[in-house]
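This report concerns only the one structure given below.
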Amino acid sequence: MTVYIDTANICLYDRIINAYELNDLKIRDGKIYINGQESNSYTFKMDYYFMMGDNRHNSADSRFWGFVPEDHIVGKAVFIWMSLKDEEHNGESGKFRLSKLFTNESKMRWNRFFTFVSSDGLSRSYLIHFLVIVAGIYGFSYFRRKKNEKVLKEK
(Lines give C-alpha, C1' and ligand atoms only; values in the text may rest on other atoms or scores of the structure.)
Protein backbone atom coordinates (compact mmCIF):
# COMPACT_ATOMS: atom_id res chain seq x y z
CA MET A 1 0.00 0.00 0.00
CA THR A 2 1.31 3.43 -0.87
CA VAL A 3 0.46 6.60 1.05
CA TYR A 4 1.24 10.18 0.22
CA ILE A 5 3.19 11.88 2.98
CA ASP A 6 3.80 15.50 3.84
CA THR A 7 4.70 17.45 6.96
CA ALA A 8 1.04 17.47 8.06
CA ASN A 9 0.61 13.68 8.18
CA ILE A 10 4.15 12.32 8.66
CA CYS A 11 3.50 12.02 12.42
CA LEU A 12 1.12 9.15 11.59
CA TYR A 13 3.77 7.16 9.75
CA ASP A 14 7.15 8.13 11.23
CA ARG A 15 7.29 5.28 13.77
CA ILE A 16 6.38 2.68 11.15
CA ILE A 17 8.93 4.01 8.67
CA ASN A 18 11.73 4.33 11.26
CA ALA A 19 11.20 1.57 13.81
CA TYR A 20 9.41 -1.23 11.98
CA GLU A 21 10.63 -0.86 8.41
CA LEU A 22 14.13 0.29 9.42
CA ASN A 23 14.41 3.34 7.17
CA ASP A 24 16.19 6.61 7.91
CA LEU A 25 13.52 9.33 8.04
CA LYS A 26 14.53 12.98 8.25
CA ILE A 27 12.60 16.23 7.90
CA ARG A 28 14.67 19.22 6.70
CA ASP A 29 13.41 22.60 5.49
CA GLY A 30 9.81 21.32 5.30
CA LYS A 31 10.83 18.40 3.07
CA ILE A 32 10.76 14.69 3.92
CA TYR A 33 13.78 12.50 3.21
CA ILE A 34 13.67 8.71 3.41
CA ASN A 35 17.09 7.05 3.27
CA GLY A 36 18.58 10.31 2.00
CA GLN A 37 16.14 10.80 -0.91
CA GLU A 38 13.39 13.40 -0.97
CA SER A 39 10.01 11.69 -0.93
CA ASN A 40 6.32 12.59 -1.04
CA SER A 41 4.99 9.01 -0.85
CA TYR A 42 5.86 5.80 0.93
CA THR A 43 5.11 2.16 0.05
CA PHE A 44 4.85 -0.13 3.06
CA LYS A 45 6.98 -3.28 3.01
CA MET A 46 4.87 -5.21 5.56
CA ASP A 47 1.19 -5.65 6.34
CA TYR A 48 -0.17 -3.82 9.41
CA TYR A 49 -3.26 -4.60 11.47
CA PHE A 50 -5.53 -2.74 13.84
CA MET A 51 -5.70 -4.82 17.02
CA MET A 52 -8.53 -4.28 19.47
CA GLY A 53 -8.58 -5.57 23.03
CA ASP A 54 -11.40 -7.59 24.53
CA ASN A 55 -12.47 -4.71 26.78
CA ARG A 56 -13.10 -2.19 24.03
CA HIS A 57 -14.05 0.72 26.31
CA ASN A 58 -11.04 0.38 28.62
CA SER A 59 -8.26 -1.35 26.73
CA ALA A 60 -4.73 -0.42 25.66
CA ASP A 61 -4.85 -1.53 22.03
CA SER A 62 -4.18 -0.08 18.57
CA ARG A 63 -6.05 3.07 19.53
CA PHE A 64 -3.24 3.57 22.05
CA TRP A 65 -0.14 2.19 20.29
CA GLY A 66 -1.10 2.31 16.61
CA PHE A 67 -1.08 -0.32 13.90
CA VAL A 68 0.76 -3.59 14.56
CA PRO A 69 3.13 -5.19 12.02
CA GLU A 70 2.12 -8.69 10.97
CA ASP A 71 5.35 -10.20 12.32
CA HIS A 72 4.52 -8.86 15.82
CA ILE A 73 1.23 -10.77 16.03
CA VAL A 74 1.71 -13.86 18.18
CA GLY A 75 -1.72 -15.47 18.42
CA LYS A 76 -5.01 -15.54 16.61
CA ALA A 77 -8.67 -15.26 17.50
CA VAL A 78 -10.16 -18.66 18.27
CA PHE A 79 -13.47 -18.14 20.03
CA ILE A 80 -16.28 -15.55 20.11
CA TRP A 81 -17.98 -15.66 23.48
CA MET A 82 -20.26 -12.63 23.02
CA SER A 83 -21.22 -10.44 20.08
CA LEU A 84 -23.18 -7.19 20.11
CA LYS A 85 -24.65 -5.19 17.24
CA ASP A 86 -23.02 -1.91 16.35
CA GLU A 87 -24.65 0.88 18.35
CA GLU A 88 -24.64 3.16 15.30
CA HIS A 89 -26.95 0.79 13.43
CA ASN A 90 -28.94 -0.22 16.49
CA GLY A 91 -30.12 3.22 17.55
CA GLU A 92 -29.16 2.59 21.19
CA SER A 93 -26.49 4.52 23.04
CA GLY A 94 -24.70 1.69 24.84
CA LYS A 95 -27.59 0.89 27.18
CA PHE A 96 -28.38 -2.73 27.95
CA ARG A 97 -32.12 -3.23 28.23
CA LEU A 98 -33.31 -6.49 29.75
CA SER A 99 -36.81 -5.92 28.34
CA LYS A 100 -35.39 -6.05 24.79
CA LEU A 101 -33.05 -9.01 25.38
CA PHE A 102 -35.03 -11.60 23.41
CA THR A 103 -36.69 -9.29 20.87
CA ASN A 104 -35.63 -8.16 17.40
CA GLU A 105 -34.49 -4.88 18.99
CA SER A 106 -31.87 -6.69 21.07
CA LYS A 107 -28.22 -5.70 20.74
CA MET A 108 -27.22 -9.36 21.02
CA ARG A 109 -26.17 -11.30 17.93
CA TRP A 110 -27.25 -14.68 19.32
CA ASN A 111 -26.07 -16.66 16.28
CA ARG A 112 -22.46 -15.60 17.05
CA PHE A 113 -22.41 -16.41 20.78
CA PHE A 114 -19.95 -19.19 21.69
CA THR A 115 -18.73 -19.78 18.14
CA PHE A 116 -15.27 -20.79 17.03
CA VAL A 117 -13.47 -18.60 14.50
CA SER A 118 -12.56 -20.68 11.48
CA SER A 119 -10.97 -19.92 8.14
CA ASP A 120 -13.58 -21.88 6.13
CA GLY A 121 -16.30 -19.30 6.86
CA LEU A 122 -18.59 -21.78 8.61
CA SER A 123 -19.55 -21.14 12.19
CA ARG A 124 -21.38 -23.24 14.70
CA SER A 125 -22.70 -21.84 17.95
CA TYR A 126 -22.11 -23.77 21.16
CA LEU A 127 -24.47 -21.56 23.19
CA ILE A 128 -27.01 -24.36 23.75
CA HIS A 129 -24.27 -26.75 24.89
CA PHE A 130 -22.97 -24.12 27.31
CA LEU A 131 -26.45 -23.43 28.72
CA VAL A 132 -27.10 -27.17 29.21
CA ILE A 133 -23.81 -27.55 31.11
CA VAL A 134 -24.56 -24.50 33.29
CA ALA A 135 -28.06 -25.81 34.03
CA GLY A 136 -26.58 -29.22 34.88
CA ILE A 137 -24.06 -27.72 37.28
CA TYR A 138 -26.71 -25.52 38.86
CA GLY A 139 -29.12 -28.47 39.19
CA PHE A 140 -26.42 -30.73 40.67
CA SER A 141 -25.47 -28.06 43.22
CA TYR A 142 -29.10 -27.46 44.14
CA PHE A 143 -29.90 -31.15 44.75
CA ARG A 144 -26.61 -31.75 46.60
CA ARG A 145 -27.35 -28.80 48.90
CA LYS A 146 -30.90 -30.15 49.55
CA LYS A 147 -29.45 -33.59 50.33
CA ASN A 148 -26.90 -32.12 52.75
CA GLU A 149 -29.61 -30.07 54.48
CA LYS A 150 -31.70 -33.23 54.86
CA VAL A 151 -28.74 -35.13 56.36
CA LEU A 152 -28.03 -32.29 58.80
CA LYS A 153 -31.69 -32.20 59.93
CA GLU A 154 -31.61 -35.94 60.66
CA LYS A 155 -28.61 -35.55 63.00
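Here, A, B, ... name the chains of the C-alpha coordinates in the order displayed, residue numbers run from 1 inside each chain, and ligands are numbered from 1 in the same displayed order.
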- [ ] For stretch 54-66 of chain A, please output as number ranges by chain all residues within 10 Å (counting only C-alpha atoms; exclusion window: fewer than 3 positions along the same chain).
- [x] A: 12-13, 15-16, 48-51, 69
Quick one: write out the picked residues with N, CA, C and O atoms as a CSV table (one decimal), in the first residue's frame?
chain,number,residue,atom,x,y,z
A,12,LEU,N,1.9,10.4,11.6
A,12,LEU,CA,1.1,9.1,11.6
A,12,LEU,C,2.0,8.0,11.2
A,12,LEU,O,1.7,6.8,11.5
A,13,TYR,N,3.0,8.2,10.4
A,13,TYR,CA,3.8,7.2,9.7
A,13,TYR,C,5.2,7.1,10.2
A,13,TYR,O,5.9,6.2,9.8
A,15,ARG,N,6.9,6.5,13.0
A,15,ARG,CA,7.3,5.3,13.8
A,15,ARG,C,7.4,4.0,12.9
A,15,ARG,O,8.3,3.2,13.0
A,16,ILE,N,6.4,3.9,12.0
A,16,ILE,CA,6.4,2.7,11.1
A,16,ILE,C,7.6,2.7,10.2
A,16,ILE,O,8.3,1.7,10.1
A,48,TYR,N,0.1,-4.3,8.1
A,48,TYR,CA,-0.2,-3.8,9.4
A,48,TYR,C,-1.6,-4.0,9.7
A,48,TYR,O,-2.5,-4.0,8.9
A,49,TYR,N,-1.9,-4.3,11.0
A,49,TYR,CA,-3.3,-4.6,11.5
A,49,TYR,C,-3.7,-3.7,12.6
A,49,TYR,O,-2.8,-3.3,13.5
A,50,PHE,N,-5.0,-3.4,12.7
A,50,PHE,CA,-5.5,-2.7,13.8
A,50,PHE,C,-6.0,-3.8,14.8
A,50,PHE,O,-6.8,-4.7,14.5
A,51,MET,N,-5.4,-3.8,16.0
A,51,MET,CA,-5.7,-4.8,17.0
A,51,MET,C,-6.5,-4.2,18.1
A,51,MET,O,-6.2,-3.2,18.7
A,69,PRO,N,2.6,-4.4,13.2
A,69,PRO,CA,3.1,-5.2,12.0
A,69,PRO,C,2.8,-6.7,12.1
A,69,PRO,O,2.6,-7.2,13.2
- Message: Residues near A:Ile32, anyone? I mean within 12 Å using only C-alpha atoms, not counting same-chain ones fewer than 3 positions away, as a PyMOL selection string.
- Response: chain A and resi 4-11+13-14+17+24-29+35-42
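Residues surrounding A:Ile128 within 10 Å are Phe113, Phe114, Val132, Ile133 and Val134 of chain A [only C-alpha atoms; sequence separation below 4 positions excluded].
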Include N, CA and C atoms and write out the residues we just selected as a PDB file, in the first residue's frame.
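Result file is selection-v7.pdb:
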ATOM      1  N   PHE A 113     -22.837 -16.076  19.429  1.00  0.00           N
ATOM      2  CA  PHE A 113     -22.414 -16.413  20.785  1.00  0.00           C
ATOM      3  C   PHE A 113     -21.773 -17.796  20.809  1.00  0.00           C
ATOM      4  N   PHE A 114     -20.650 -17.917  21.492  1.00  0.00           N
ATOM      5  CA  PHE A 114     -19.947 -19.193  21.690  1.00  0.00           C
ATOM      6  C   PHE A 114     -19.649 -19.904  20.369  1.00  0.00           C
ATOM      7  N   VAL A 132     -26.779 -25.861  28.633  1.00  0.00           N
ATOM      8  CA  VAL A 132     -27.105 -27.173  29.211  1.00  0.00           C
ATOM      9  C   VAL A 132     -26.110 -27.519  30.317  1.00  0.00           C
ATOM     10  N   ILE A 133     -24.832 -27.257  30.087  1.00  0.00           N
ATOM     11  CA  ILE A 133     -23.813 -27.545  31.110  1.00  0.00           C
ATOM     12  C   ILE A 133     -24.026 -26.676  32.348  1.00  0.00           C
ATOM     13  N   VAL A 134     -24.309 -25.386  32.146  1.00  0.00           N
ATOM     14  CA  VAL A 134     -24.556 -24.497  33.292  1.00  0.00           C
ATOM     15  C   VAL A 134     -25.780 -24.953  34.063  1.00  0.00           C
TER      16      VAL A 134
END
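Within 7 Å of stretch 73-83 of chain A, once only C-alpha atoms are used and residues closer than 2 positions along the same chain are dropped, the contacting residues are Glu70, Asp71, Lys85, Met108, Arg109, Arg112, Phe113, Phe114, Thr115, Phe116 and Val117 of chain A.
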With N, CA, C and O atoms retained, could you export that selection as a PDB file, in the first residue's frame?
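Here's the written file out-v1.pdb:
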ATOM      1  N   GLU A  70       2.552  -7.293  10.987  1.00  0.00           N
ATOM      2  CA  GLU A  70       2.123  -8.693  10.969  1.00  0.00           C
ATOM      3  C   GLU A  70       3.093  -9.604  11.724  1.00  0.00           C
ATOM      4  O   GLU A  70       2.669 -10.525  12.416  1.00  0.00           O
ATOM      5  N   ASP A  71       4.385  -9.336  11.641  1.00  0.00           N
ATOM      6  CA  ASP A  71       5.352 -10.201  12.315  1.00  0.00           C
ATOM      7  C   ASP A  71       5.371 -10.021  13.832  1.00  0.00           C
ATOM      8  O   ASP A  71       6.035 -10.768  14.542  1.00  0.00           O
ATOM      9  N   LYS A  85     -24.472  -5.992  18.449  1.00  0.00           N
ATOM     10  CA  LYS A  85     -24.653  -5.194  17.242  1.00  0.00           C
ATOM     11  C   LYS A  85     -23.986  -3.845  17.431  1.00  0.00           C
ATOM     12  O   LYS A  85     -23.858  -3.344  18.543  1.00  0.00           O
ATOM     13  N   MET A 108     -27.937  -8.088  21.074  1.00  0.00           N
ATOM     14  CA  MET A 108     -27.222  -9.362  21.020  1.00  0.00           C
ATOM     15  C   MET A 108     -27.296  -9.980  19.634  1.00  0.00           C
ATOM     16  O   MET A 108     -28.347  -9.993  19.016  1.00  0.00           O
ATOM     17  N   ARG A 109     -26.179 -10.501  19.164  1.00  0.00           N
ATOM     18  CA  ARG A 109     -26.171 -11.298  17.935  1.00  0.00           C
ATOM     19  C   ARG A 109     -26.049 -12.756  18.387  1.00  0.00           C
ATOM     20  O   ARG A 109     -24.959 -13.307  18.479  1.00  0.00           O
ATOM     21  N   ARG A 112     -23.923 -15.658  16.943  1.00  0.00           N
ATOM     22  CA  ARG A 112     -22.460 -15.605  17.049  1.00  0.00           C
ATOM     23  C   ARG A 112     -21.950 -15.958  18.445  1.00  0.00           C
ATOM     24  O   ARG A 112     -20.754 -16.099  18.644  1.00  0.00           O
ATOM     25  N   PHE A 113     -22.837 -16.076  19.429  1.00  0.00           N
ATOM     26  CA  PHE A 113     -22.414 -16.413  20.785  1.00  0.00           C
ATOM     27  C   PHE A 113     -21.773 -17.796  20.809  1.00  0.00           C
ATOM     28  O   PHE A 113     -22.289 -18.741  20.223  1.00  0.00           O
ATOM     29  N   PHE A 114     -20.650 -17.917  21.492  1.00  0.00           N
ATOM     30  CA  PHE A 114     -19.947 -19.193  21.690  1.00  0.00           C
ATOM     31  C   PHE A 114     -19.649 -19.904  20.369  1.00  0.00           C
ATOM     32  O   PHE A 114     -19.895 -21.092  20.228  1.00  0.00           O
ATOM     33  N   THR A 115     -19.121 -19.167  19.402  1.00  0.00           N
ATOM     34  CA  THR A 115     -18.731 -19.781  18.136  1.00  0.00           C
ATOM     35  C   THR A 115     -17.215 -19.757  18.004  1.00  0.00           C
ATOM     36  O   THR A 115     -16.548 -18.876  18.534  1.00  0.00           O
ATOM     37  N   PHE A 116     -16.695 -20.745  17.319  1.00  0.00           N
ATOM     38  CA  PHE A 116     -15.270 -20.793  17.026  1.00  0.00           C
ATOM     39  C   PHE A 116     -15.000 -20.026  15.743  1.00  0.00           C
ATOM     40  O   PHE A 116     -15.782 -20.065  14.807  1.00  0.00           O
ATOM     41  N   VAL A 117     -13.877 -19.331  15.703  1.00  0.00           N
ATOM     42  CA  VAL A 117     -13.473 -18.601  14.504  1.00  0.00           C
ATOM     43  C   VAL A 117     -12.734 -19.589  13.612  1.00  0.00           C
ATOM     44  O   VAL A 117     -11.770 -20.218  14.028  1.00  0.00           O
TER      45      VAL A 117
END
From atom CA of A:Gly53 to atom CA of A:Val3 the spacing works out at 26.7 Å
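If only C-alpha atoms are the atoms counted, then among A:Ala19, A:Met1, A:Val151, A:Ile34 the closest residue to A:Met46 is A:Met1.
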Could you pull out all residues of chain A with a DSSP call of helix (DSSP H, G or I) and give them as an MDAnalysis selection string? chainID A and resid 10:20 62:65 70:72 87:90 98:100 110:112 127:154
(Q) From a backbone DSSP assignment, name each residue in chain A labelled strand (DSSP E or B), as a PyMOL selection string. (A) chain A and resi 2-4+25-28+31-34+37-38+41-43+48-49+68-69+79-80+84+108+115-116+125
- Task: Enter the distance from atom CA of A:Leu127 to atom CA of A:Asn111, in Å, rounded to one decimal.
- Result: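 Value for the atom CA of A:Leu127-atom CA of A:Asn111 distance: 8.6 Å.
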Between atom CA of A:Thr2 and atom CA of A:Gly30 lies a distance of 20.7 Å
